[in-house]
Amino acid sequence: MKVTSSTTAFSTSSDVGEPKKTVRLLGSVTSKAYVVATVAPVIVALLLSFAVGFAFDYGTLLNYEWTCGKALLPSISRVINLPKERTICNLVLIGHVFLRPMFTLHYYQVCRRPAEKVRYPTIFKILLASVPISNICEFIFTAALTVCGERENSQLHVTFFCLFCCSCNVYFVIVTLMFRTSHFYTWHKNASLSFKLKAALVIINFILLPTTSLFFVLYWQLCVSFAYDVFAILEYTTVIIIITFHMTAVLDFDYRYAFVISK
């Protein structure tokens with residue numbers, strides 16, 4: 001929708017002959033700003049959690065005695081499951097939760113319009129339905145990670161972390177493949193770059209998931225002392241990759257949302 005002024009009045013009618021409805025524009029926002037506003041709470045929540053942790057729980061996060069000797073670095077899981085940090089993280093993430101559905105809907109709309117006739121419509125429908133389902137699973141396991149920390153139950157926590165990463169990977173793979181075969185890809189100027197970035201991030205994420213899990217197991221099951229620090233670094237990297245994948249939406253969408261009321 002093209003917007004020329006914040007006080008512009010529009011006339012709309014669904015059918016010829018119907019009386020026109022006049023609406024007044026209250027404001028507008030670009031889709032790029034919407035993407036940033038959706039992803040930003042995640043970044044802010046993590047940065048604030050780390051800042052509060054280093055300010056008030058320094059001894060608990062750095063060079064601390066843990067199950068198999070000293071751990072030099074805190075995992076994200078450890079930070080966001082401390083009492084103060086958990087509260088801050090959950091409160092800030094509320095903004096992300098409210099904005100994310102529209103974000104997912106954009107990709108659903110892109111994926112549901114293939115560039116060519118679908119050869120296997122049943123498979124196509126299953127993949128299309130998996131876009132919102134995998135996204136919902138990501139939300140559920142994210143919430144589980146903030147509730148059940150490694151201090152409460154390390155085995156259950158790593159299970160939630162793996163399920164979170166798996167749901168992310170399912171979402172990323174399906175969106176990337178269907179994005180490439182969509183009608184959207186045939187005409188959008190940034191589609192090729194966006195697809196290449198998405199594909200590269202998906203491959204990196206697939207490598208990170210088993211590697212991160214391996215070092216977690218090495219620490220908790222075999223008591224390899226340095227493994228926890230490697231796990232923490234890999235966890236940081238995984239989260240950065242996930243955030244970066246979502247930020248590729250900045251390349252994809254050029255919409256403008258208008259907020260209007262009837263006059």
# chains A, B, ... in the order shown; residues from 1 in each chain; ligands from 1
>>> residues_around(residues="Asn81 of chain A", least_positions_apart="5", cutoff="8 Å", atoms="only C-alpha atoms", output="list in words")
Arg86, Thr146, Val147, Cys148 and Gly149 of chain A
>>> residues_around(residues="His246 of chain A", least_positions_apart="3", cutoff="10 Å", atoms="only C-alpha atoms", output="list of chain:residue names")
A:Val35, A:Val36, A:Thr38, A:Val39, A:Phe103, A:Thr104, A:Phe172, A:Lys198, A:Ile241, A:Ile242, A:Ile243, A:Ala249, A:Val250
>>> write_last_selection(atoms="C-alpha atoms", output="compact mmCIF listing (two decimals), in the first residue's frame")
# COMPACT_ATOMS: atom_id res chain seq x y z
CA VAL A 35 11.42 -7.29 10.60
CA VAL A 36 13.91 -5.37 12.73
CA THR A 38 10.45 -8.49 15.45
CA VAL A 39 14.03 -9.73 15.75
CA PHE A 103 6.48 -12.47 10.19
CA THR A 104 5.73 -16.17 9.66
CA PHE A 172 14.67 -22.99 7.79
CA LYS A 198 19.50 -18.73 3.64
CA ILE A 241 23.03 -18.06 12.92
CA ILE A 242 19.34 -18.40 13.83
CA ILE A 243 18.96 -14.64 14.32
CA ALA A 249 13.70 -11.22 5.66
CA VAL A 250 14.94 -7.62 5.35
>>> closest_atom_pairs(of="segment 70-160 of chain A", to="segment 25-32 of chain A", cutoff="12 Å", atoms="only C-alpha atoms", output="Markdown table")
| residue | atom | partner | partner_atom | distance |
| --- | --- | --- | --- | --- |
| A:Leu99 | CA | A:Ser31 | CA | 11.7 |
| A:Met102 | CA | A:Ser31 | CA | 10.3 |
| A:Phe103 | CA | A:Ser31 | CA | 9.2 |
| A:His106 | CA | A:Ser31 | CA | 10.0 |
>>> residues_around(residues="segment 49-62 of chain A", least_positions_apart="4", cutoff="9 Å", atoms="only C-alpha atoms", output="ChimeraX atom specification")
/A:44-45,71-76,78-80,82,84-89
>>> write_last_selection(atoms="all heavy atoms", output="CSV table (one decimal), in the first residue's frame")
chain,number,residue,atom,x,y,z
A,44,VAL,N,18.0,-7.9,22.2
A,44,VAL,CA,18.0,-7.0,23.4
A,44,VAL,C,17.9,-7.9,24.6
A,44,VAL,O,18.6,-7.7,25.6
A,44,VAL,CB,16.9,-6.0,23.3
A,44,VAL,CG1,16.7,-5.3,24.7
A,44,VAL,CG2,17.1,-5.0,22.2
A,45,ALA,N,17.0,-8.9,24.6
A,45,ALA,CA,16.8,-9.8,25.7
A,45,ALA,C,18.1,-10.5,26.1
A,45,ALA,O,18.5,-10.6,27.3
A,45,ALA,CB,15.7,-10.8,25.4
A,71,ALA,N,34.6,-24.0,34.6
A,71,ALA,CA,34.1,-23.6,33.2
A,71,ALA,C,34.4,-22.1,33.1
A,71,ALA,O,34.1,-21.3,34.0
A,71,ALA,CB,32.6,-23.9,33.1
A,72,LEU,N,35.1,-21.8,32.0
A,72,LEU,CA,35.5,-20.4,31.8
A,72,LEU,C,34.4,-19.5,31.3
A,72,LEU,O,34.3,-18.3,31.6
A,72,LEU,CB,36.7,-20.3,30.9
A,72,LEU,CG,38.0,-21.1,31.3
A,72,LEU,CD1,39.0,-21.0,30.2
A,72,LEU,CD2,38.5,-20.6,32.6
A,73,LEU,N,33.5,-20.1,30.5
A,73,LEU,CA,32.5,-19.3,29.8
A,73,LEU,C,31.1,-19.8,30.2
A,73,LEU,O,30.9,-21.0,30.4
A,73,LEU,CB,32.6,-19.4,28.3
A,73,LEU,CG,33.9,-18.8,27.7
A,73,LEU,CD1,34.0,-19.1,26.2
A,73,LEU,CD2,34.0,-17.3,27.9
A,74,PRO,N,30.1,-18.9,30.3
A,74,PRO,CA,28.8,-19.3,30.6
A,74,PRO,C,28.0,-19.6,29.3
A,74,PRO,O,28.2,-18.9,28.3
A,74,PRO,CB,28.1,-18.1,31.3
A,74,PRO,CG,28.9,-16.9,30.6
A,74,PRO,CD,30.3,-17.4,30.3
A,75,SER,N,27.2,-20.6,29.3
A,75,SER,CA,26.4,-20.9,28.1
A,75,SER,C,25.2,-19.9,28.2
A,75,SER,O,24.9,-19.3,29.2
A,75,SER,CB,25.8,-22.3,28.1
A,75,SER,OG,25.0,-22.5,29.2
A,76,ILE,N,24.6,-19.6,27.0
A,76,ILE,CA,23.4,-18.8,27.0
A,76,ILE,C,22.3,-19.4,28.0
A,76,ILE,O,21.6,-18.7,28.7
A,76,ILE,CB,22.8,-18.6,25.6
A,76,ILE,CG1,23.8,-17.8,24.8
A,76,ILE,CG2,21.5,-17.9,25.6
A,76,ILE,CD1,23.4,-17.7,23.3
A,78,ARG,N,22.7,-21.1,30.6
A,78,ARG,CA,23.0,-20.8,32.1
A,78,ARG,C,22.6,-19.4,32.4
A,78,ARG,O,22.1,-19.1,33.5
A,78,ARG,CB,24.5,-21.0,32.3
A,78,ARG,CG,24.9,-20.8,33.8
A,78,ARG,CD,26.4,-21.1,34.0
A,78,ARG,NE,26.8,-20.9,35.4
A,78,ARG,CZ,26.6,-21.7,36.4
A,78,ARG,NH1,26.1,-22.9,36.1
A,78,ARG,NH2,27.1,-21.4,37.6
A,79,VAL,N,22.9,-18.4,31.5
A,79,VAL,CA,22.7,-17.0,31.8
A,79,VAL,C,21.2,-16.7,31.9
A,79,VAL,O,20.7,-16.1,32.9
A,79,VAL,CB,23.3,-16.1,30.7
A,79,VAL,CG1,22.9,-14.7,30.9
A,79,VAL,CG2,24.8,-16.2,30.7
A,80,ILE,N,20.4,-17.2,30.9
A,80,ILE,CA,19.0,-16.9,30.9
A,80,ILE,C,18.1,-17.7,31.9
A,80,ILE,O,16.9,-17.4,32.1
A,80,ILE,CB,18.3,-17.0,29.5
A,80,ILE,CG1,18.4,-18.5,29.1
A,80,ILE,CG2,19.0,-16.2,28.5
A,80,ILE,CD1,17.6,-18.8,27.8
A,82,LEU,N,19.2,-17.9,35.2
A,82,LEU,CA,19.4,-17.3,36.5
A,82,LEU,C,18.2,-16.4,36.8
A,82,LEU,O,17.5,-15.9,35.9
A,82,LEU,CB,20.7,-16.4,36.6
A,82,LEU,CG,22.0,-17.2,36.4
A,82,LEU,CD1,23.2,-16.2,36.3
A,82,LEU,CD2,22.2,-18.1,37.6
A,84,LYS,N,17.2,-13.3,38.0
A,84,LYS,CA,17.0,-12.0,37.5
A,84,LYS,C,17.0,-12.0,36.0
A,84,LYS,O,16.2,-11.3,35.3
A,84,LYS,CB,18.1,-11.0,38.0
A,84,LYS,CG,18.0,-10.8,39.5
A,84,LYS,CD,19.0,-9.8,40.0
A,84,LYS,CE,20.4,-10.3,39.9
A,84,LYS,NZ,20.7,-11.4,40.9
A,85,GLU,N,18.0,-12.7,35.4
A,85,GLU,CA,18.2,-12.7,34.0
A,85,GLU,C,17.0,-13.4,33.3
A,85,GLU,O,16.6,-13.0,32.2
A,85,GLU,CB,19.5,-13.5,33.6
A,85,GLU,CG,20.7,-12.8,34.1
A,85,GLU,CD,21.1,-12.9,35.5
A,85,GLU,OE1,20.2,-13.3,36.3
A,85,GLU,OE2,22.2,-12.6,35.9
A,86,ARG,N,16.4,-14.4,33.9
A,86,ARG,CA,15.3,-15.1,33.3
A,86,ARG,C,14.1,-14.2,33.3
A,86,ARG,O,13.4,-14.2,32.2
A,86,ARG,CB,14.9,-16.4,34.2
A,86,ARG,CG,13.7,-17.1,33.7
A,86,ARG,CD,13.3,-18.2,34.7
A,86,ARG,NE,14.3,-19.3,34.6
A,86,ARG,CZ,14.3,-20.4,35.3
A,86,ARG,NH1,13.4,-20.5,36.3
A,86,ARG,NH2,15.2,-21.4,35.2
A,87,THR,N,13.8,-13.4,34.3
A,87,THR,CA,12.7,-12.5,34.3
A,87,THR,C,12.9,-11.4,33.2
A,87,THR,O,11.9,-11.2,32.5
A,87,THR,CB,12.6,-11.8,35.7
A,87,THR,OG1,12.5,-12.8,36.7
A,87,THR,CG2,11.4,-10.8,35.7
A,88,ILE,N,14.1,-10.9,33.1
A,88,ILE,CA,14.3,-9.8,32.1
A,88,ILE,C,14.1,-10.4,30.7
A,88,ILE,O,13.5,-9.8,29.8
A,88,ILE,CB,15.7,-9.2,32.3
A,88,ILE,CG1,15.8,-8.4,33.6
A,88,ILE,CG2,16.1,-8.4,31.1
A,88,ILE,CD1,17.2,-8.0,33.9
A,89,CYS,N,14.7,-11.6,30.5
A,89,CYS,CA,14.6,-12.2,29.2
A,89,CYS,C,13.2,-12.5,28.7
A,89,CYS,O,12.8,-12.1,27.6
A,89,CYS,CB,15.4,-13.5,29.2
A,89,CYS,SG,15.6,-14.3,27.6
>>> atom_distance(atom1="atom CA of Thr248 of chain A", atom2="atom CA of Leu93 of chain A")
19.9 Å
>>> atom_distance(atom1="atom CA of Thr237 of chain A", atom2="atom CA of Ala143 of chain A")
19.9 Å
>>> residues_around(residues="Ser194 of chain A", least_positions_apart="2", cutoff="7 Å", atoms="only C-alpha atoms", output="mmCIF file with C-alpha atoms, in the first residue's frame")
data_model
loop_
_atom_site.group_PDB
_atom_site.id
_atom_site.type_symbol
_atom_site.label_atom_id
_atom_site.label_comp_id
_atom_site.auth_asym_id
_atom_site.auth_seq_id
_atom_site.Cartn_x
_atom_site.Cartn_y
_atom_site.Cartn_z
ATOM 1 C CA ASN A 190 16.969 -9.568 -3.866
ATOM 2 C CA ALA A 191 15.622 -13.119 -4.115
ATOM 3 C CA SER A 192 18.819 -14.712 -5.414
ATOM 4 C CA LYS A 196 22.076 -17.989 -1.123
ATOM 5 C CA LEU A 197 22.320 -16.524 2.373
ATOM 6 C CA LYS A 198 19.500 -18.733 3.639
ATOM 7 C CA THR A 248 17.383 -12.175 5.827
ATOM 8 C CA LEU A 251 15.988 -8.537 1.790
ATOM 9 C CA ASP A 252 12.681 -10.188 0.950
#
>>> atom_distance(atom1="atom CA of Val118 of chain A", atom2="atom CA of Arg180 of chain A")
13.5 Å
>>> closest_residue(among="A:Leu193, A:Cys165, A:Ala232, A:Ala115", to="Ile207 of chain A", atoms="only C-alpha atoms")
A:Cys165
>>> residues_around(residues="segment 216-227 of chain A", least_positions_apart="4", cutoff="8 Å", atoms="only C-alpha atoms", output="list in words")
Thr67, Cys68, Gly69, Lys70, Ala71, Val158, Thr212 and Phe231 of chain A
>>> closest_residue(among="A:Val110, A:Val170, A:Arg256, A:Leu208", to="Glu235 of chain A", atoms="only C-alpha atoms")
A:Leu208
>>> select_by_dssp(residues="segment 9-229 of chain A", states="helix (DSSP H, G or I)", output="number ranges by chain")
A: 31-56, 58-61, 76-80, 83-111, 121-147, 154-180, 183-187, 191-220, 227-229
>>> closest_residue(among="A:Val260, A:Val42, A:Ala199, A:Val175", to="Val239 of chain A", atoms="only C-alpha atoms")
A:Val42
>>> residues_around(residues="Phe161 of chain A", least_positions_apart="3", cutoff="10 Å", atoms="only C-alpha atoms", output="tab-separated table (two decimals) with all heavy atoms, in the first residue's frame")
chain	number	residue	atom	x	y	z
A	77	SER	N	22.24	-20.70	27.92
A	77	SER	CA	21.25	-21.39	28.76
A	77	SER	C	21.46	-21.07	30.23
A	77	SER	O	20.51	-20.84	30.98
A	77	SER	CB	21.37	-22.91	28.55
A	77	SER	OG	21.38	-23.23	27.18
A	138	GLU	N	9.06	-24.13	17.60
A	138	GLU	CA	10.20	-23.30	18.01
A	138	GLU	C	9.82	-22.44	19.22
A	138	GLU	O	10.60	-22.32	20.18
A	138	GLU	CB	10.63	-22.41	16.85
A	138	GLU	CG	11.81	-21.52	17.16
A	138	GLU	CD	12.12	-20.51	16.06
A	138	GLU	OE1	11.71	-20.76	14.91
A	138	GLU	OE2	12.75	-19.49	16.36
A	141	PHE	N	9.53	-24.74	22.45
A	141	PHE	CA	10.81	-25.19	23.01
A	141	PHE	C	11.67	-24.02	23.50
A	141	PHE	O	12.48	-24.19	24.41
A	141	PHE	CB	11.56	-26.04	21.99
A	141	PHE	CG	10.86	-27.33	21.66
A	141	PHE	CD1	10.54	-27.66	20.35
A	141	PHE	CD2	10.47	-28.18	22.67
A	141	PHE	CE1	9.88	-28.83	20.05
A	141	PHE	CE2	9.80	-29.37	22.38
A	141	PHE	CZ	9.50	-29.69	21.07
A	142	THR	N	11.46	-22.84	22.92
A	142	THR	CA	12.12	-21.65	23.45
A	142	THR	C	11.62	-21.37	24.87
A	142	THR	O	12.41	-21.09	25.78
A	142	THR	CB	11.86	-20.42	22.56
A	142	THR	OG1	12.35	-20.68	21.25
A	142	THR	CG2	12.54	-19.19	23.12
A	144	ALA	N	10.31	-23.55	26.87
A	144	ALA	CA	10.79	-24.64	27.73
A	144	ALA	C	12.22	-24.40	28.18
A	144	ALA	O	12.59	-24.70	29.33
A	144	ALA	CB	10.68	-25.96	26.98
A	145	LEU	N	13.04	-23.85	27.30
A	145	LEU	CA	14.45	-23.58	27.65
A	145	LEU	C	14.57	-22.53	28.74
A	145	LEU	O	15.49	-22.59	29.56
A	145	LEU	CB	15.22	-23.12	26.40
A	145	LEU	CG	15.61	-24.21	25.40
A	145	LEU	CD1	16.14	-23.58	24.12
A	145	LEU	CD2	16.64	-25.15	26.00
A	155	GLN	N	19.75	-32.98	31.52
A	155	GLN	CA	19.36	-33.86	30.43
A	155	GLN	C	18.11	-33.34	29.73
A	155	GLN	O	18.03	-33.32	28.50
A	155	GLN	CB	19.10	-35.28	30.98
A	155	GLN	CG	20.34	-35.96	31.54
A	155	GLN	CD	21.42	-36.14	30.49
A	155	GLN	OE1	21.15	-36.40	29.33
A	155	GLN	NE2	22.67	-35.97	30.91
A	156	LEU	N	17.13	-32.91	30.52
A	156	LEU	CA	15.91	-32.37	29.94
A	156	LEU	C	16.18	-31.07	29.21
A	156	LEU	O	15.62	-30.81	28.14
A	156	LEU	CB	14.86	-32.15	31.04
A	156	LEU	CG	13.44	-31.82	30.58
A	156	LEU	CD1	12.89	-32.92	29.69
A	156	LEU	CD2	12.52	-31.61	31.79
A	157	HIS	N	17.09	-30.28	29.76
A	157	HIS	CA	17.43	-28.99	29.14
A	157	HIS	C	18.06	-29.20	27.77
A	157	HIS	O	17.70	-28.52	26.80
A	157	HIS	CB	18.38	-28.21	30.04
A	157	HIS	CG	18.79	-26.89	29.46
A	157	HIS	ND1	17.99	-25.76	29.50
A	157	HIS	CD2	19.93	-26.52	28.80
A	157	HIS	CE1	18.60	-24.76	28.91
A	157	HIS	NE2	19.77	-25.20	28.47
A	158	VAL	N	19.03	-30.12	27.68
A	158	VAL	CA	19.68	-30.34	26.38
A	158	VAL	C	18.71	-30.97	25.39
A	158	VAL	O	18.80	-30.73	24.18
A	158	VAL	CB	20.95	-31.22	26.55
A	158	VAL	CG1	20.60	-32.69	26.77
A	158	VAL	CG2	21.86	-31.08	25.32
A	164	PHE	N	14.54	-27.57	20.03
A	164	PHE	CA	14.46	-26.18	19.55
A	164	PHE	C	15.25	-26.03	18.26
A	164	PHE	O	14.76	-25.47	17.27
A	164	PHE	CB	15.01	-25.24	20.63
A	164	PHE	CG	15.36	-23.86	20.13
A	164	PHE	CD1	14.36	-22.94	19.85
A	164	PHE	CD2	16.68	-23.50	19.93
A	164	PHE	CE1	14.68	-21.66	19.38
A	164	PHE	CE2	17.01	-22.24	19.47
A	164	PHE	CZ	16.01	-21.32	19.19
A	165	CYS	N	16.48	-26.54	18.24
A	165	CYS	CA	17.33	-26.44	17.04
A	165	CYS	C	16.73	-27.23	15.88
A	165	CYS	O	16.77	-26.77	14.73
A	165	CYS	CB	18.73	-26.95	17.34
A	165	CYS	SG	19.68	-25.89	18.45
A	166	CYS	N	16.16	-28.40	16.18
A	166	CYS	CA	15.54	-29.21	15.12
A	166	CYS	C	14.34	-28.50	14.51
A	166	CYS	O	14.18	-28.49	13.28
A	166	CYS	CB	15.12	-30.56	15.69
A	166	CYS	SG	16.49	-31.70	16.00
A	167	SER	N	13.51	-27.90	15.36
A	167	SER	CA	12.33	-27.18	14.84
A	167	SER	C	12.77	-25.97	14.01
A	167	SER	O	12.16	-25.67	12.97
A	167	SER	CB	11.41	-26.75	15.97
A	167	SER	OG	12.07	-25.91	16.89
A	209	LEU	N	24.40	-28.21	14.93
A	209	LEU	CA	23.52	-28.96	15.84
A	209	LEU	C	24.18	-30.22	16.40
A	209	LEU	O	24.27	-30.37	17.62
A	209	LEU	CB	22.21	-29.30	15.14
A	209	LEU	CG	21.22	-30.16	15.95
A	209	LEU	CD1	20.87	-29.48	17.27
A	209	LEU	CD2	19.96	-30.44	15.14
A	213	SER	N	25.80	-30.62	20.32
A	213	SER	CA	25.32	-31.72	21.16
A	213	SER	C	26.46	-32.64	21.59
A	213	SER	O	26.49	-33.12	22.73
A	213	SER	CB	24.26	-32.53	20.40
A	213	SER	OG	23.17	-31.72	20.03
A	235	GLU	N	27.14	-22.70	21.13
A	235	GLU	CA	25.77	-22.25	21.41
A	235	GLU	C	25.61	-20.79	21.02
A	235	GLU	O	24.59	-20.41	20.41
A	235	GLU	CB	25.44	-22.45	22.88
A	235	GLU	CG	23.96	-22.25	23.18
A	235	GLU	CD	23.66	-22.36	24.67
A	235	GLU	OE1	24.45	-21.82	25.48
A	235	GLU	OE2	22.64	-22.96	25.02
>>> select_by_dssp(residues="segment 11-259 of chain A", states="strand (DSSP E or B)", output="ChimeraX atom specification")
/A:11-12,21-30,64-66,69-71,114,182,256-259
